[in-house]
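Shown next: model-v6.txt, containing compact mmCIF, C-alpha atoms (C1' of nucleotides).
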# COMPACT_ATOMS: atom_id res chain seq x y z
CA MET A 1 119.90 98.41 146.88
CA LYS A 2 117.57 96.55 149.16
CA ASN A 3 115.85 94.59 146.44
CA THR A 4 117.51 92.61 143.67
CA ILE A 5 115.36 90.41 141.46
CA LYS A 6 116.79 88.05 138.94
CA ILE A 7 114.80 86.29 136.27
CA ALA A 8 116.38 83.46 134.33
CA ILE A 9 115.44 83.57 130.66
CA PRO A 10 116.87 80.71 128.61
CA ASN A 11 117.64 80.69 124.90
CA ASN A 12 118.15 84.45 124.49
CA ALA A 13 114.40 84.98 124.75
CA PHE A 14 114.75 88.55 125.99
CA ARG A 15 116.60 91.49 124.47
CA LEU A 16 116.71 94.41 126.86
CA ALA A 17 118.13 97.10 124.58
CA ASP A 18 115.90 96.37 121.59
CA THR A 19 112.84 96.26 123.81
CA PHE A 20 113.50 99.58 125.50
CA LYS A 21 114.63 101.31 122.32
CA SER A 22 111.75 100.10 120.17
CA GLY A 23 109.65 103.24 120.58
CA GLN A 24 106.98 101.52 122.65
CA ILE A 25 107.97 103.18 125.93
CA PHE A 26 109.41 106.55 126.85
CA ARG A 27 111.50 108.02 129.65
CA TRP A 28 113.71 104.97 130.22
CA ARG A 29 117.35 106.00 130.15
CA GLU A 30 120.22 103.89 128.89
CA THR A 31 123.17 103.80 131.29
CA GLU A 32 126.42 101.86 131.21
CA LYS A 33 124.79 99.18 133.38
CA GLY A 34 121.45 98.88 131.62
CA PHE A 35 118.19 100.83 131.54
CA ALA A 36 116.88 103.02 134.36
CA GLY A 37 113.29 104.07 134.82
CA PHE A 38 110.17 103.35 136.81
CA ILE A 39 108.14 100.21 137.42
CA LYS A 40 104.85 101.09 139.12
CA ASN A 41 106.31 104.35 140.46
CA ALA A 42 109.39 102.61 141.85
CA PRO A 43 112.74 103.60 140.35
CA ALA A 44 114.55 100.59 138.93
CA LEU A 45 117.67 99.63 137.03
CA ILE A 46 117.42 96.65 134.70
CA THR A 47 120.52 94.89 133.44
CA GLN A 48 120.83 92.25 130.76
CA LEU A 49 122.53 89.00 131.76
CA PRO A 50 123.67 86.23 129.42
CA ASP A 51 120.91 84.01 130.77
CA GLY A 52 118.29 86.52 131.88
CA VAL A 53 117.82 89.91 133.50
CA VAL A 54 118.42 91.43 136.89
CA CYS A 55 116.45 94.34 138.35
CA GLN A 56 117.74 96.51 141.18
CA THR A 57 115.44 98.78 143.13
CA ASP A 58 115.03 100.27 146.57
CA TYR A 59 111.37 99.40 146.59
CA ASP A 60 109.22 96.31 146.69
CA ILE A 61 108.66 94.77 143.30
CA SER A 62 107.89 91.08 143.08
CA GLU A 63 109.38 88.77 140.50
CA GLN A 64 105.91 88.39 139.02
CA GLN A 65 105.48 92.14 138.69
CA LEU A 66 108.85 92.41 136.99
CA SER A 67 108.06 89.54 134.66
CA GLU A 68 104.72 91.07 133.68
CA PHE A 69 106.24 94.50 133.20
CA LEU A 70 108.85 93.05 130.87
CA GLY A 71 106.22 91.17 128.91
CA LEU A 72 107.79 87.81 129.75
CA ASP A 73 104.47 86.19 130.54
CA LEU A 74 103.77 85.57 126.86
CA ASP A 75 105.05 82.67 124.78
CA TYR A 76 106.40 84.53 121.77
CA ASP A 77 107.71 81.37 120.09
CA SER A 78 104.23 79.87 120.07
CA ILE A 79 102.63 83.11 118.87
CA PHE A 80 104.93 83.46 115.88
CA ASN A 81 105.03 79.73 115.14
CA ALA A 82 101.28 79.87 114.66
CA TYR A 83 101.66 82.38 111.81
CA SER A 84 102.18 81.03 108.33
CA ASP A 85 103.44 84.32 106.92
CA GLU A 86 107.12 84.16 105.94
CA VAL A 87 107.82 87.89 106.30
CA ILE A 88 106.81 87.99 109.93
CA LYS A 89 108.70 84.78 110.63
CA GLN A 90 111.87 86.40 109.34
CA ALA A 91 111.23 89.54 111.39
CA TYR A 92 110.80 87.34 114.45
CA GLU A 93 114.01 85.48 113.72
CA LYS A 94 115.85 88.78 113.48
CA TYR A 95 114.43 90.41 116.63
CA ARG A 96 113.50 87.42 118.78
CA GLY A 97 113.65 88.59 122.41
CA LEU A 98 111.89 91.87 121.69
CA THR A 99 108.88 91.95 124.04
CA ILE A 100 105.79 94.06 124.69
CA LEU A 101 106.19 95.96 127.95
CA LYS A 102 103.28 96.47 130.31
CA GLN A 103 102.96 100.19 130.86
CA GLU A 104 100.93 102.21 133.31
CA PRO A 105 97.77 103.23 131.41
CA LEU A 106 97.75 106.91 132.35
CA GLU A 107 101.36 107.59 131.41
CA CYS A 108 100.99 105.49 128.30
CA ALA A 109 97.93 107.45 127.15
CA ILE A 110 99.54 110.83 127.68
CA SER A 111 102.73 109.66 125.97
CA PHE A 112 100.91 108.59 122.85
CA ILE A 113 98.64 111.65 122.69
CA THR A 114 101.96 113.52 122.73
CA SER A 115 103.32 111.31 119.95
CA ALA A 116 101.01 112.71 117.25
CA ASN A 117 103.07 114.37 114.52
CA ASN A 118 106.06 114.31 116.87
CA ASN A 119 109.34 112.42 117.06
CA ILE A 120 110.54 109.97 119.69
CA LYS A 121 113.27 112.25 121.00
CA ARG A 122 110.85 115.10 121.61
CA ILE A 123 108.22 112.81 123.14
CA ASN A 124 110.83 111.74 125.69
CA LYS A 125 111.73 115.35 126.30
CA HIS A 126 108.12 116.35 126.92
CA MET A 127 107.43 113.46 129.26
CA ASP A 128 110.64 114.16 131.20
CA ALA A 129 109.75 117.83 131.53
CA LEU A 130 106.27 116.96 132.79
CA SER A 131 107.67 114.50 135.35
CA LYS A 132 110.24 116.98 136.57
CA LEU A 133 107.58 119.67 136.94
CA CYS A 134 105.28 117.77 139.29
CA GLY A 135 106.41 114.14 139.66
CA ARG A 136 107.85 112.77 142.89
CA ALA A 137 111.64 112.94 143.10
CA TYR A 138 113.70 109.89 144.06
CA GLU A 139 117.40 109.65 144.78
CA PHE A 140 118.54 106.57 142.96
CA ASN A 141 122.05 105.38 142.10
CA GLY A 142 123.43 108.81 142.88
CA GLN A 143 121.05 110.71 140.66
CA THR A 144 117.59 112.24 140.94
CA LEU A 145 114.83 110.48 139.01
CA TYR A 146 111.31 111.86 138.71
CA ALA A 147 108.31 109.55 138.69
CA PHE A 148 105.50 110.22 136.26
CA PRO A 149 102.99 112.45 138.09
CA GLU A 150 99.93 110.98 139.77
CA LEU A 151 96.51 111.91 138.40
CA SER A 152 95.97 114.17 141.43
CA GLU A 153 99.10 116.11 140.48
CA LEU A 154 98.26 116.25 136.79
CA GLN A 155 94.78 117.61 137.37
CA ARG A 156 96.24 120.76 138.86
CA LEU A 157 97.89 121.62 135.54
CA THR A 158 96.24 123.81 132.92
CA GLU A 159 96.47 123.83 129.15
CA ALA A 160 98.85 126.79 129.51
CA ASP A 161 101.13 124.70 131.74
CA PHE A 162 101.40 121.99 129.09
CA ALA A 163 101.96 124.59 126.38
CA ALA A 164 104.76 126.11 128.46
CA LEU A 165 106.44 122.69 128.54
CA GLY A 166 106.46 122.64 124.73
CA PHE A 167 103.56 120.28 124.02
CA GLY A 168 102.36 122.60 121.26
CA TYR A 169 98.81 122.10 120.00
CA ARG A 170 98.59 118.82 121.97
CA ALA A 171 98.45 120.83 125.21
CA ALA A 172 94.69 121.32 124.84
CA TYR A 173 94.12 117.62 124.13
CA ILE A 174 96.10 116.52 127.18
CA ALA A 175 94.50 119.02 129.55
CA ALA A 176 91.03 117.95 128.39
CA PHE A 177 91.98 114.27 128.60
CA ILE A 178 93.11 114.62 132.23
CA LYS A 179 90.04 116.61 133.17
CA ARG A 180 87.72 113.90 131.87
CA VAL A 181 89.74 110.89 133.07
CA LYS A 182 89.76 112.40 136.56
CA ASP A 183 85.98 111.93 136.61
CA GLU A 184 86.00 108.59 134.79
CA TYR A 185 89.13 106.96 136.19
CA PRO A 186 87.53 103.58 137.12
CA LEU A 187 85.97 103.44 133.66
CA PHE A 188 89.32 104.30 132.05
CA LEU A 189 91.11 101.57 134.03
CA SER A 190 88.38 99.06 133.16
CA LEU A 191 89.45 99.18 129.50
CA ARG A 192 91.83 96.37 130.47
CA SER A 193 88.91 93.99 130.82
CA SER A 194 86.68 95.50 128.13
CA ASP A 195 86.56 93.92 124.72
CA TYR A 196 88.89 95.55 122.21
CA ALA A 197 86.21 97.17 120.05
CA SER A 198 84.35 98.93 122.85
CA ALA A 199 87.59 99.98 124.56
CA LYS A 200 88.70 101.55 121.30
CA GLU A 201 85.38 103.28 120.81
CA TYR A 202 85.73 104.83 124.26
CA LEU A 203 89.25 106.11 123.59
CA LEU A 204 88.23 107.54 120.21
CA SER A 205 85.72 109.75 122.00
CA PHE A 206 88.62 111.86 123.33
CA LYS A 207 89.89 114.73 121.20
CA GLY A 208 93.47 114.07 120.24
CA ILE A 209 93.06 110.29 120.25
CA GLY A 210 92.58 108.92 116.76
CA ASN A 211 92.85 105.45 115.29
CA LYS A 212 96.61 105.06 115.71
CA VAL A 213 96.97 106.59 119.17
CA ALA A 214 94.02 104.56 120.48
CA ASP A 215 95.64 101.35 119.27
CA CYS A 216 98.96 102.26 120.92
CA ILE A 217 97.23 102.92 124.24
CA LEU A 218 95.28 99.66 123.99
CA LEU A 219 98.35 97.63 123.05
CA TYR A 220 100.96 99.08 125.39
CA GLY A 221 98.79 100.30 128.27
CA PHE A 222 95.99 97.75 128.33
CA ARG A 223 97.45 94.65 126.73
CA HIS A 224 94.90 94.33 123.97
CA TYR A 225 97.27 92.42 121.71
CA GLU A 226 94.94 92.48 118.73
CA ALA A 227 95.41 96.26 118.48
CA PHE A 228 97.52 97.06 115.40
CA PRO A 229 98.72 100.69 115.44
CA VAL A 230 98.99 101.98 111.87
CA ASP A 231 101.58 104.71 111.41
CA VAL A 232 103.82 105.84 108.56
CA TRP A 233 106.35 103.09 109.28
CA ILE A 234 103.76 100.33 109.19
CA LYS A 235 102.31 101.68 105.95
CA ARG A 236 105.81 101.56 104.49
CA ALA A 237 106.32 98.04 105.82
CA LEU A 238 103.06 96.73 104.36
CA ASN A 239 103.79 98.42 101.07
CA GLU A 240 107.40 97.26 100.73
CA LEU A 241 107.12 93.80 102.29
CA TYR A 242 103.61 92.78 101.22
CA GLY A 243 102.84 95.03 98.25
CA PHE A 244 99.79 96.18 100.21
CA SER A 245 99.21 99.87 99.53
CA GLU A 246 95.73 100.38 100.95
CA LYS A 247 95.42 103.74 102.73
CA ASN A 248 92.15 103.19 104.54
CA ALA A 249 92.98 102.49 108.19
CA GLN A 250 90.09 100.11 108.71
CA LYS A 251 91.10 98.00 105.72
CA ILE A 252 94.71 97.94 106.97
CA ASN A 253 93.47 96.75 110.37
CA GLU A 254 91.42 94.03 108.68
CA PHE A 255 94.47 92.93 106.68
CA ALA A 256 96.52 92.72 109.89
CA ALA A 257 93.83 90.86 111.82
CA GLN A 258 93.58 88.29 109.04
CA LYS A 259 97.36 87.94 108.69
CA PHE A 260 98.25 87.96 112.39
CA PRO A 261 95.25 86.67 114.37
CA ASN A 262 94.98 87.55 118.09
CA TYR A 263 98.43 89.13 118.39
CA ALA A 264 98.60 91.61 115.51
CA GLY A 265 100.08 94.23 117.84
CA ILE A 266 103.11 92.09 118.58
CA ALA A 267 103.64 91.49 114.87
CA GLN A 268 103.33 95.24 114.41
CA LEU A 269 106.17 95.95 116.86
CA TYR A 270 108.45 93.58 114.96
CA LEU A 271 107.55 95.17 111.62
CA PHE A 272 108.10 98.61 113.14
CA MET A 273 111.58 97.57 114.33
CA LEU A 274 112.39 96.04 110.98
CA MET A 275 111.55 99.24 109.14
CA ARG A 276 113.05 101.74 111.58
CA MET A 277 116.28 99.89 112.27
CA GLY A 278 116.64 98.59 108.75
CA GLY A 279 116.23 102.02 107.18
CA SER A 280 117.56 105.42 108.10
CA GLY A 281 115.97 105.29 111.56
CA GLN A 282 116.63 108.04 114.09
C1' DT B 1 114.85 128.32 104.69
C1' DT B 2 112.46 124.14 104.36
C1' DC B 3 111.26 119.66 105.76
C1' DC B 4 109.91 116.25 108.95
C1' DA B 5 108.27 113.80 113.13
C1' DG B 6 105.04 106.44 115.67
C1' DG B 7 98.53 111.95 113.62
C1' DC B 8 94.46 114.38 114.43
C1' DG B 9 90.39 117.19 113.55
C1' DA B 10 87.92 119.92 110.56
C1' DA B 11 86.78 121.59 106.16
C1' DG B 12 86.03 120.66 101.40
C1' DA B 13 84.95 117.63 97.46
C1' DT C 1 82.56 108.79 102.58
C1' DC C 2 87.08 110.10 101.06
C1' DT C 3 90.81 113.55 100.55
C1' DT C 4 93.22 117.63 101.79
C1' DC C 5 95.07 120.96 104.91
C1' DG C 6 96.59 123.43 109.12
C1' DC C 7 98.67 122.58 113.30
C1' DA C 8 103.14 123.95 117.73
C1' DT C 9 107.65 122.89 118.12
C1' DG C 10 112.50 122.13 117.37
C1' DG C 11 116.19 119.51 115.22
C1' DA C 12 118.37 118.29 110.79

Could you write out this file's structure as C-alpha cells?
Amino acid sequence: MKNTIKIAIPNNAFRLADTFKSGQIFRWRETEKGFAGFIKNAPALITQLPDGVVCQTDYDISEQQLSEFLGLDLDYDSIFNAYSDEVIKQAYEKYRGLTILKQEPLECAISFITSANNNIKRINKHMDALSKLCGRAYEFNGQTLYAFPELSELQRLTEADFAALGFGYRAAYIAAFIKRVKDEYPLFLSLRSSDYASAKEYLLSFKGIGNKVADCILLYGFRHYEAFPVDVWIKRALNELYGFSEKNAQKINEFAAQKFPNYAGIAQLYLFMLMRMGGSGQ
DNA sequence: TTCCAGGCGAAGA
DNA sequence: TCTTCGCATGGA
C-alpha cells in the first residue's frame, strides 16, 4: 500500500462495524481486517484501532477526505447533548460512535431508488452486479474490486439491462433517473448547497423517488441532516418508544423536526439501529 | 405456498 | 385528501 492514513479518535467516538452495518451504505465488505470498499472511486480498507481508525489505499486520499467520508467532522456529543429527549439520549449512549458517512450522490441515489420494497442483502447484490457489469476493476489486496460506474458508463445502459440484473420494476425508474440526471448533472450536484425543502422537491419530481427515498438521498448523499427518512422501522420506533402512531409522513416529519432540531437524520439513524439490532433484525 | 423486504405510483373512496 | 392495491424478485 502506498498510502496509509491514520486518524486518532479519542474516547471511543467512532464505531467502524456499527457504522458500516447500519444500512446507510451498501457495497462495503467486511473482511478479517476491517471493511473494504471505495472512497471517491479509490479502493480502500478501513480498520478499527483502539484509539482511532487506519485507512489503507493505493490511491491519494487526504486525511481530511477520509475524515469527511467517515462523518468525523461532526460533534455528535454536542448534537445529542442539545436534545432533551430521554429516548434519544439512551439510543446515543448505546450506539455512540455510529456516524453518518458521506456518500457519493449518484451511487447513493441509485442505491436508495433500489431500496424501495427491497431488503438490504438484495440491495447490496444489485449494486455489486451493476458495478461488476460496467464499473472499473481494481486489483486490491489480492482481489478484484469494482468501482461504482461513472455516469458516462451508466448512461449506456437500458431499462432492459437493469431488469436483467434483477432490479425488477425499479429498472424503469433507474434508467429514467440516469437519463435525466445526465442532462441535469450540475443541478443534481447543486442539491448539496440548496435548502432542504427545494432539494427535496427536486428529487420528488423523479419517478421512483418518494418521501422516504428522497430523504435518504438528501441525508446520506447530500448531508442535509434535517432529513428524517420515514420507513417501517422508524414508524415502529415512534410507535413503541414514543406512543406516536401517526401515519401521515408529513406529520411524522414535523414531529421529528420538533423533537430533534437540525439533525433529525442523525437521530433517525440511531433509532433505526435501536429497532433493527434490538429486534429480530436481518 | 405464502410472506416479506429501509416504498412508490396510481386508482379508488 | 386519504386509503388501498399491484408491483419484480428471491430468500425464509

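Interatomic distance, atom CA of Glu246 of chain A to atom CA of Ser205 of chain A: 25.1 Å.
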
Could you please determine the separation between atom CA of Glu30 of chain A and atom CA of Thr47 of chain A in Å, to one decimal place?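 According to the coordinates, atom CA of Glu30 of chain A and atom CA of Thr47 of chain A are separated by 10.1 Å.
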
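Taking atom CA of Ile266 of chain A as the reference point, atom CA of Phe188 of chain A is found at 22.8 Å.
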
Would you please work out which residue, of A:Gly34, A:Gly168, A:Pro261, A:Gly208, is nearest to His126 of chain A when using only C-alpha atoms?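 Among A:Gly34, A:Gly168, A:Pro261, A:Gly208, it is A:Gly168 that comes nearest to His126 of chain A.
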
Go through A:Lys132, A:Arg122, A:Lys6, A:Lys182 and flag the residue nearest DG11 of chain C, using all atoms listed in the file for the distances.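 Of A:Lys132, A:Arg122, A:Lys6, A:Lys182, the one nearest DG11 of chain C is A:Arg122, counting all atoms listed in the file.
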
All residues 9 Å or closer to DT9 of chain C, all atoms listed in the file, same chain fewer than 3 positions away omitted, as a ChimeraX atom specification: /A:118,166-168

Identify which of the residues A:Thr19, A:Gln90, A:Asn117, A:Asn11 lies closest to DG6 of chain B, counting all atoms listed in the file when measuring atom-to-atom distances.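 Counting all atoms listed in the file, the residue closest to DG6 of chain B is A:Asn117.
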
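When the distance limit is 9 Å and only C-alpha atoms (C1' of nucleotides) are what count, the residues near Leu151 of chain A, minus those fewer than 3 positions from it on the same chain, are A:Leu106, A:Leu154, A:Gln155, A:Arg156, A:Ile178, A:Val181, A:Lys182.
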
Residues near DA11 of chain B, anyone? I mean within 12 Å using all atoms listed in the file, not counting same-chain ones fewer than 2 positions away, as a count of residues only. 6

Chain C residues near chain A (9 Å cut-off, all atoms listed in the file) as a list in words: DC7, DA8, DT9 and DG10 of chain C

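Near Asp77 of chain A, within 10 Å and counting only C-alpha atoms (C1' of nucleotides), sit Ala13, Ala82, Tyr92, Glu93, Arg96 and Gly97 of chain A; same-chain residues fewer than 5 positions away were not included.
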